[in-house]
>>> print(open('entry25.cif').read())   # mmCIF, C-alpha atoms
data_work
#
loop_
_atom_site.label_atom_id
_atom_site.label_comp_id
_atom_site.auth_asym_id
_atom_site.auth_seq_id
_atom_site.Cartn_x
_atom_site.Cartn_y
_atom_site.Cartn_z
CA MET A 600 -8.98 -73.14 23.96
CA VAL A 601 -12.61 -73.17 24.92
CA ILE A 602 -15.01 -75.67 23.40
CA ALA A 603 -18.60 -74.59 23.95
CA GLY A 604 -21.91 -75.99 22.83
CA GLY A 605 -25.25 -77.39 23.88
CA PHE A 606 -25.78 -80.68 25.65
CA GLY A 607 -24.98 -83.78 23.62
CA VAL A 608 -23.47 -81.83 20.75
CA GLY A 609 -20.08 -83.58 20.89
CA LYS A 610 -17.88 -81.37 23.10
CA THR A 611 -16.46 -84.15 25.23
CA THR A 612 -15.95 -86.33 22.17
CA ALA A 613 -14.05 -83.55 20.40
CA VAL A 614 -11.84 -82.82 23.42
CA ALA A 615 -11.08 -86.54 23.76
CA GLN A 616 -9.89 -86.79 20.15
CA VAL A 617 -7.15 -84.23 20.66
CA SER A 618 -6.22 -84.66 24.33
CA GLU A 619 -3.17 -86.68 25.35
CA ILE A 620 -4.73 -87.38 28.72
CA PRO A 621 -8.12 -88.98 29.37
CA VAL A 622 -10.73 -86.23 29.52
CA LEU A 623 -10.99 -84.97 33.09
CA THR A 624 -14.06 -83.54 34.69
CA THR A 625 -14.36 -81.01 37.46
CA GLU A 626 -17.03 -78.82 38.96
CA ALA A 627 -17.90 -75.20 38.37
CA PRO A 628 -15.45 -72.39 39.17
CA ILE A 629 -15.27 -69.67 41.80
CA THR A 630 -18.01 -67.37 40.57
CA GLU A 631 -20.51 -70.11 41.28
CA LEU A 632 -18.98 -70.78 44.68
CA ALA A 633 -19.04 -67.08 45.45
CA ALA A 634 -22.71 -66.90 44.55
CA ALA A 635 -23.40 -69.73 46.97
CA LEU A 636 -21.31 -68.17 49.72
CA ASP A 637 -22.98 -64.81 49.47
CA ASN A 638 -26.14 -66.48 50.71
CA VAL A 639 -24.78 -68.81 53.32
CA ASP A 640 -28.25 -69.60 54.67
CA GLU A 641 -29.16 -71.10 51.35
CA VAL A 642 -26.04 -73.19 50.91
CA PRO A 643 -27.31 -76.44 52.43
CA ALA A 644 -30.08 -76.52 49.85
CA LYS A 645 -27.73 -75.84 46.96
CA THR A 646 -26.68 -79.36 46.16
CA THR A 647 -27.34 -79.38 42.44
CA THR A 648 -25.72 -76.14 41.32
CA THR A 649 -22.45 -77.67 40.22
CA VAL A 650 -21.84 -78.33 36.58
CA ALA A 651 -19.34 -80.50 34.78
CA LEU A 652 -16.46 -78.76 33.07
CA ASP A 653 -14.30 -81.17 31.13
CA PHE A 654 -10.82 -80.64 29.91
CA GLY A 655 -7.98 -82.21 28.06
CA CYS A 656 -4.43 -81.23 27.30
CA VAL A 657 -1.95 -81.54 24.45
CA ALA A 658 1.76 -80.70 24.36
CA ILE A 659 2.41 -78.41 21.41
CA ASP A 660 6.18 -78.27 21.85
CA ASP A 661 8.72 -78.29 24.67
CA GLU A 662 7.33 -75.10 26.16
CA ILE A 663 3.67 -74.87 25.24
CA LYS A 664 0.86 -76.99 26.59
CA MET A 665 -2.57 -76.33 25.18
CA TYR A 666 -5.58 -76.92 27.38
CA LEU A 667 -8.99 -77.65 25.94
CA PHE A 668 -11.89 -76.67 28.18
CA GLY A 669 -15.32 -78.00 27.29
CA THR A 670 -18.17 -76.00 28.76
CA PRO A 671 -21.95 -76.23 28.47
CA GLY A 672 -23.28 -73.65 26.04
CA GLN A 673 -26.52 -72.81 27.76
CA ASP A 674 -27.17 -69.32 29.09
CA ARG A 675 -27.41 -70.49 32.67
CA PHE A 676 -23.80 -71.61 32.58
CA GLY A 677 -22.62 -68.27 31.23
CA PHE A 678 -21.09 -67.44 34.62
CA MET A 679 -18.25 -69.82 33.76
CA TRP A 680 -17.32 -68.28 30.47
CA ARG A 681 -15.51 -65.23 31.76
CA ASP A 682 -13.14 -67.42 33.77
CA LEU A 683 -12.60 -69.70 30.81
CA THR A 684 -12.04 -67.09 28.13
CA GLU A 685 -9.49 -65.16 30.18
CA GLY A 686 -6.23 -66.04 28.47
CA ALA A 687 -7.90 -68.30 25.91
CA LEU A 688 -6.48 -68.35 22.39
CA GLY A 689 -9.95 -68.76 21.00
CA ALA A 690 -13.20 -70.66 21.19
CA LEU A 691 -14.89 -73.28 19.08
CA VAL A 692 -18.66 -73.31 19.34
CA ILE A 693 -19.95 -76.74 18.36
CA VAL A 694 -23.47 -76.86 16.98
CA ASP A 695 -25.80 -79.53 15.67
CA SER A 696 -27.42 -78.13 12.53
CA ARG A 697 -30.73 -79.66 13.65
CA ARG A 698 -30.61 -77.72 16.91
CA LEU A 699 -29.01 -74.40 16.00
CA ASP A 700 -30.72 -72.59 18.89
CA ASP A 701 -28.34 -74.26 21.33
CA GLY A 702 -25.46 -72.34 19.78
CA TYR A 703 -26.87 -68.83 20.23
CA PRO A 704 -25.85 -68.07 23.84
CA ALA A 705 -22.21 -69.04 23.32
CA VAL A 706 -21.94 -67.21 19.99
CA ASP A 707 -23.51 -64.16 21.57
CA TYR A 708 -21.16 -64.25 24.55
CA PHE A 709 -17.95 -64.65 22.53
CA GLU A 710 -19.01 -61.88 20.16
CA ARG A 711 -19.70 -59.45 22.99
CA SER A 712 -16.54 -60.37 24.92
CA GLY A 713 -14.35 -60.05 21.83
CA THR A 714 -13.07 -63.63 22.12
CA PRO A 715 -12.00 -64.90 18.69
CA PHE A 716 -14.27 -67.81 17.90
CA GLY A 717 -15.40 -70.09 15.14
CA VAL A 718 -18.41 -72.31 14.70
CA GLY A 719 -18.05 -76.01 13.99
CA ILE A 720 -21.08 -77.92 12.80
CA ASN A 721 -20.76 -81.46 14.08
CA LEU A 722 -21.98 -83.58 11.20
CA PHE A 723 -23.97 -86.37 12.77
CA ASP A 724 -24.05 -89.18 10.23
CA GLY A 725 -22.52 -86.86 7.67
CA VAL A 726 -25.82 -85.05 7.26
CA LEU A 727 -25.95 -81.27 7.07
CA SER A 728 -29.54 -80.18 7.67
CA HIS A 729 -29.09 -76.68 6.25
CA ASP A 730 -26.84 -74.87 3.78
CA LEU A 731 -23.78 -73.33 5.40
CA ALA A 732 -24.93 -69.91 4.23
CA ASP A 733 -28.28 -70.46 5.96
CA VAL A 734 -26.53 -71.52 9.16
CA ARG A 735 -24.36 -68.40 9.03
CA TRP A 736 -27.45 -66.29 8.57
CA ALA A 737 -29.38 -68.10 11.32
CA LEU A 738 -26.57 -67.74 13.85
CA ALA A 739 -26.01 -64.12 12.74
CA ILE A 740 -22.25 -64.50 12.53
CA SER A 741 -20.13 -62.26 10.37
CA GLU A 742 -18.54 -63.30 7.07
CA ASP A 743 -15.05 -63.46 8.57
CA THR A 744 -16.05 -65.79 11.44
CA PRO A 745 -14.92 -69.31 10.54
CA LEU A 746 -17.81 -71.69 9.95
CA VAL A 747 -16.78 -75.27 9.28
CA THR A 748 -18.33 -78.69 9.20
CA PHE A 749 -16.51 -81.43 11.05
CA ASP A 750 -16.88 -84.81 12.74
CA ALA A 751 -16.26 -84.75 16.50
CA ARG A 752 -15.31 -88.44 16.39
CA ASP A 753 -12.51 -87.85 13.93
CA ARG A 754 -9.20 -86.55 15.27
CA ARG A 755 -8.04 -84.86 12.07
CA SER A 756 -11.39 -83.28 11.59
CA VAL A 757 -11.40 -81.84 15.12
CA ILE A 758 -7.86 -80.52 14.71
CA ASP A 759 -8.85 -78.87 11.42
CA ALA A 760 -11.75 -77.14 13.15
CA LEU A 761 -9.40 -75.91 15.91
CA LEU A 762 -6.91 -74.72 13.29
CA ALA A 763 -9.64 -72.70 11.59
CA VAL A 764 -10.30 -70.92 14.89
CA LEU A 765 -6.58 -70.40 15.57
CA ARG A 766 -5.94 -68.86 12.13
CA HIS A 767 -8.83 -66.52 12.81
CA SER A 768 -7.32 -65.68 16.23
CA LEU A 769 -3.98 -65.02 14.56
CA GLY A 770 -5.59 -62.63 12.08
CA ARG A 771 -7.14 -60.75 14.98
CA SER A 772 -3.98 -60.66 17.11
CA GLY A 773 -2.44 -57.93 14.94
CA MET B 1314 -34.01 -85.37 8.43
CA SER B 1315 -32.28 -87.86 10.64
CA THR B 1316 -33.61 -88.57 14.12
CA ASP B 1317 -30.82 -90.90 15.13
CA GLN B 1318 -29.27 -90.65 18.57
CA PRO B 1319 -26.39 -88.15 18.30
CA PRO B 1320 -23.10 -90.05 18.31
CA GLY B 1321 -21.37 -87.20 20.11
CA ARG B 1322 -23.12 -87.96 23.36
CA GLU B 1323 -21.22 -86.59 26.38
CA GLU B 1324 -19.59 -89.58 27.99
CA THR B 1325 -18.08 -88.19 31.15
CA VAL B 1326 -19.82 -89.13 34.37
CA GLN B 1327 -20.30 -86.61 37.17
CA PRO B 1328 -18.18 -87.68 40.16
CA PRO B 1329 -20.15 -88.24 43.36
CA VAL B 1330 -20.80 -85.00 45.22
CA SER B 1331 -18.90 -84.71 48.51
CA GLY B 1332 -20.93 -84.25 51.66
CA VAL B 1333 -18.51 -81.56 52.75
CA ARG B 1334 -19.69 -78.23 51.46
CA PRO B 1335 -17.03 -76.29 49.51
CA TYR B 1336 -16.97 -73.27 51.82
CA VAL B 1337 -15.90 -75.45 54.78
CA LEU B 1338 -12.57 -76.22 53.08
CA THR B 1339 -11.76 -72.56 52.60
CA GLY B 1340 -12.89 -71.43 56.04
CA GLY B 1341 -15.80 -69.62 54.43
CA ARG B 1342 -13.56 -67.54 52.20
CA VAL B 1343 -14.26 -66.85 48.54
CA ARG B 1344 -10.87 -65.15 48.02
CA PRO B 1345 -7.36 -66.34 48.82
CA LEU B 1346 -5.77 -64.80 51.91
CA HIS B 1347 -3.17 -62.76 50.10
CA ALA B 1348 -3.62 -62.94 46.35
CA ALA B 1349 -6.04 -62.91 43.47
CA PRO B 1350 -7.62 -66.26 42.51
CA LEU B 1351 -5.59 -68.14 39.95
CA ASN B 1352 -6.24 -68.80 36.32
CA ILE B 1353 -7.53 -72.36 35.98
CA ALA B 1354 -4.75 -73.18 33.49
CA ALA B 1355 -2.01 -71.83 35.78
CA GLN B 1356 0.77 -74.38 36.33
CA ILE B 1357 1.74 -75.28 39.88
CA ARG B 1358 4.43 -77.37 41.54
CA SER B 1359 5.44 -77.98 45.15
CA THR B 1360 8.49 -76.16 46.46
CA PRO B 1361 11.19 -77.97 48.50
CA GLN B 1362 9.74 -76.16 51.51
CA GLY B 1363 6.30 -77.54 50.67
CA VAL B 1364 7.66 -81.09 50.48
CA ALA B 1365 9.58 -80.63 53.74
CA GLU B 1366 6.47 -79.40 55.57
CA ILE B 1367 4.06 -81.95 54.15
CA GLY B 1368 3.70 -83.70 57.54
CA ARG B 1369 2.45 -80.50 59.15
CA LEU B 1370 -0.22 -79.77 56.58
CA THR B 1371 -3.92 -80.57 56.88
CA TYR B 1372 -5.87 -82.77 54.52
CA GLU B 1373 -6.52 -80.80 51.35
CA HIS B 1374 -3.30 -78.79 51.63
CA ARG B 1375 -1.32 -82.00 51.99
CA ASP B 1376 -3.12 -83.66 49.07
CA ILE B 1377 -2.35 -80.71 46.82
CA VAL B 1378 1.33 -80.44 47.76
CA GLU B 1379 1.70 -84.21 47.35
CA LEU B 1380 0.03 -84.25 43.94
CA CYS B 1381 2.13 -81.36 42.66
CA ASP B 1382 5.48 -83.14 42.56
CA HIS B 1383 5.51 -82.12 38.88
CA TRP B 1384 4.08 -79.14 37.00
CA ILE B 1385 0.33 -79.53 36.74
CA SER B 1386 -2.59 -77.18 36.08
CA VAL B 1387 -5.00 -75.96 38.72
CA ALA B 1388 -7.84 -77.57 36.76
CA GLU B 1389 -6.10 -80.97 36.79
CA VAL B 1390 -5.56 -80.76 40.54
CA ALA B 1391 -9.28 -80.11 41.05
CA SER B 1392 -10.16 -83.07 38.89
CA HIS B 1393 -7.68 -85.51 40.45
CA LEU B 1394 -8.63 -84.59 44.01
CA ARG B 1395 -12.33 -84.35 43.11
CA LEU B 1396 -12.48 -80.93 44.67
CA HIS B 1397 -14.53 -77.98 43.53
CA LEU B 1398 -12.47 -75.91 41.09
CA GLY B 1399 -13.27 -72.72 42.99
CA VAL B 1400 -11.97 -74.23 46.21
CA VAL B 1401 -8.74 -75.41 44.61
CA ARG B 1402 -8.06 -71.96 43.16
CA ILE B 1403 -8.22 -70.50 46.66
CA LEU B 1404 -6.25 -73.25 48.43
CA VAL B 1405 -3.48 -73.16 45.81
CA ALA B 1406 -3.15 -69.40 46.09
CA ASP B 1407 -2.93 -69.75 49.89
CA LEU B 1408 -0.24 -72.43 49.62
CA ALA B 1409 1.70 -70.31 47.14
CA ALA B 1410 1.56 -67.35 49.51
CA LEU B 1411 3.03 -69.59 52.23
CA GLY B 1412 5.90 -70.51 49.90
CA LEU B 1413 4.78 -74.13 49.60
CA LEU B 1414 3.89 -74.05 45.89
CA TYR B 1415 5.44 -72.46 42.82
CA VAL B 1416 2.87 -70.87 40.50
CA HIS B 1417 3.39 -70.12 36.84
CA ASP B 1418 0.43 -68.18 35.49
CA GLY B 1419 -0.80 -69.93 32.37
CA ASN B 1420 -1.67 -66.65 30.71
CA LEU B 1421 0.27 -65.44 27.70
CA ALA B 1422 1.90 -62.06 27.65
CA GLY B 1423 -0.14 -59.89 25.28
CA GLY B 1424 2.72 -58.97 22.99
CA ARG B 1425 3.69 -62.58 22.40
CA GLN B 1426 0.22 -63.80 21.65
CA GLY B 1427 0.62 -63.75 17.86
CA ALA B 1428 3.89 -65.68 18.00
CA VAL B 1429 2.38 -68.20 20.40
CA ILE B 1430 -0.65 -68.76 18.18
CA GLU B 1431 1.69 -69.40 15.25
CA ARG B 1432 3.55 -72.00 17.27
CA VAL B 1433 0.32 -73.67 18.34
CA ILE B 1434 -0.82 -73.77 14.70
CA ARG B 1435 2.49 -75.36 13.66
CA GLY B 1436 2.38 -77.82 16.56
CA LEU B 1437 -1.21 -78.88 15.92
CA THR B 1438 -0.57 -79.23 12.20
CA ALA B 1439 2.38 -81.49 12.98
CA ILE B 1440 0.30 -83.90 15.09
CA ARG B 1441 -2.70 -83.77 12.81
#
>>> encode(input="entry25.cif", output="structure tokens")
Amino acid sequence: MVIAGGFGVGKTTAVAQVSEIPVLTTEAPITELAAALDNVDEVPAKTTTTVALDFGCVAIDDEIKMYLFGTPGQDRFGFMWRDLTEGALGALVIVDSRRLDDGYPAVDYFERSGTPFGVGINLFDGVLSHDLADVRWALAISEDTPLVTFDARDRRSVIDALLAVLRHSLGRSG
Amino acid sequence: MSTDQPPGREETVQPPVSGVRPYVLTGGRVRPLHAAPLNIAAQIRSTPQGVAEIGRLTYEHRDIVELCDHWISVAEVASHLRLHLGVVRILVADLAALGLLYVHDGNLAGGRQGAVIERVIRGLTAIR
């Protein structure tokens, strides 16, 4: 599953709640490398183009391992999303209701790519800054897209948010 | 309206960037020699041949074959070896083509997707 969202919105925290292994971090995937290699002359100057991708893992049963990939939700990291969504069961877009704008690029991408997704509002201090209906309207997501509030620091709460996305994925799988 | 510091602050720290540029490790290639790049969740494991030939392998190849004495994802290998994910995807595909690694694509067969999602839902509910 893909966990997307703006900086500081709680992605790493959410992944850590569910993962059986400590959250691991790696750098950006091939498309970024390819972009750098296409302009070899420019490579020495490209020292800051890498981006952290964090991931965790949980054993579902004897045969299935679920990976959780946390990715920055900003437009400029969109090059990673195609790699991540390939084979993904679904995506959870985490938003802070005080900074809804940060959620737009990821919502937009998952809608266009047909990736089943849901939106989880991380309730900082239990405060919801807007009505859920207003958030749905502001993010322009359809009525059947799951929109839940949750607490990224709470394991059960994170799992419930993931389950909301998975049930939606199941409904779409036919 | 609260202005408190968000408690969900990202807590991972970027590992130090290696002085070796990624393209050096792949000989300037952005594609594996013989195959398509791997899914980042693909599971890999060293073959007996890989283990037997470990002494002949060069640095990154050896590190990967050594690390993969059990099934592990491409993404985990990148993280453990602190290598660029794009580089690892290419090196692993090369090693697999040489018969030194087994690769099990992490992708689900389309027809089974619904059944798999149901199992994941059951599994997650059970550990909730």
>>> resolve_selection(input="entry25.cif", expression="the PyMOL selection byres ((chain B and resi 1382) around 10)", output="compact mmCIF listing (two decimals) with C-alpha atoms, in the coordinates of the input")
# COMPACT_ATOMS: atom_id res chain seq x y z
CA ILE B 1357 1.74 -75.28 39.88
CA ARG B 1358 4.43 -77.37 41.54
CA SER B 1359 5.44 -77.98 45.15
CA THR B 1360 8.49 -76.16 46.46
CA PRO B 1361 11.19 -77.97 48.50
CA GLY B 1363 6.30 -77.54 50.67
CA VAL B 1364 7.66 -81.09 50.48
CA ILE B 1377 -2.35 -80.71 46.82
CA VAL B 1378 1.33 -80.44 47.76
CA GLU B 1379 1.70 -84.21 47.35
CA LEU B 1380 0.03 -84.25 43.94
CA CYS B 1381 2.13 -81.36 42.66
CA HIS B 1383 5.51 -82.12 38.88
CA TRP B 1384 4.08 -79.14 37.00
CA ILE B 1385 0.33 -79.53 36.74
CA LEU B 1414 3.89 -74.05 45.89
>>> closest_residue(input="entry25.cif", among="B:His1417, B:His1374, B:Arg1432, B:Arg1369", to="chain A", atoms="only C-alpha atoms")
B:Arg1432
>>> atom_distance(input="entry25.cif", atom1="atom CA of Pro745 of chain A", atom2="atom CA of Phe709 of chain A")
13.2 Å
>>> closest_residue(input="entry25.cif", among="A:Val694, A:Ile663, A:Leu652, A:Leu688", to="Ala737 of chain A", atoms="only C-alpha atoms")
A:Val694
>>> closest_residue(input="entry25.cif", among="A:Leu691, A:Ala763, A:Arg771, A:Val706", to="Ile1434 of chain B", atoms="all atoms listed in the file")
A:Ala763
>>> atom_distance(input="entry25.cif", atom1="atom CA of Gly770 of chain A", atom2="atom CA of Gly717 of chain A")
12.7 Å
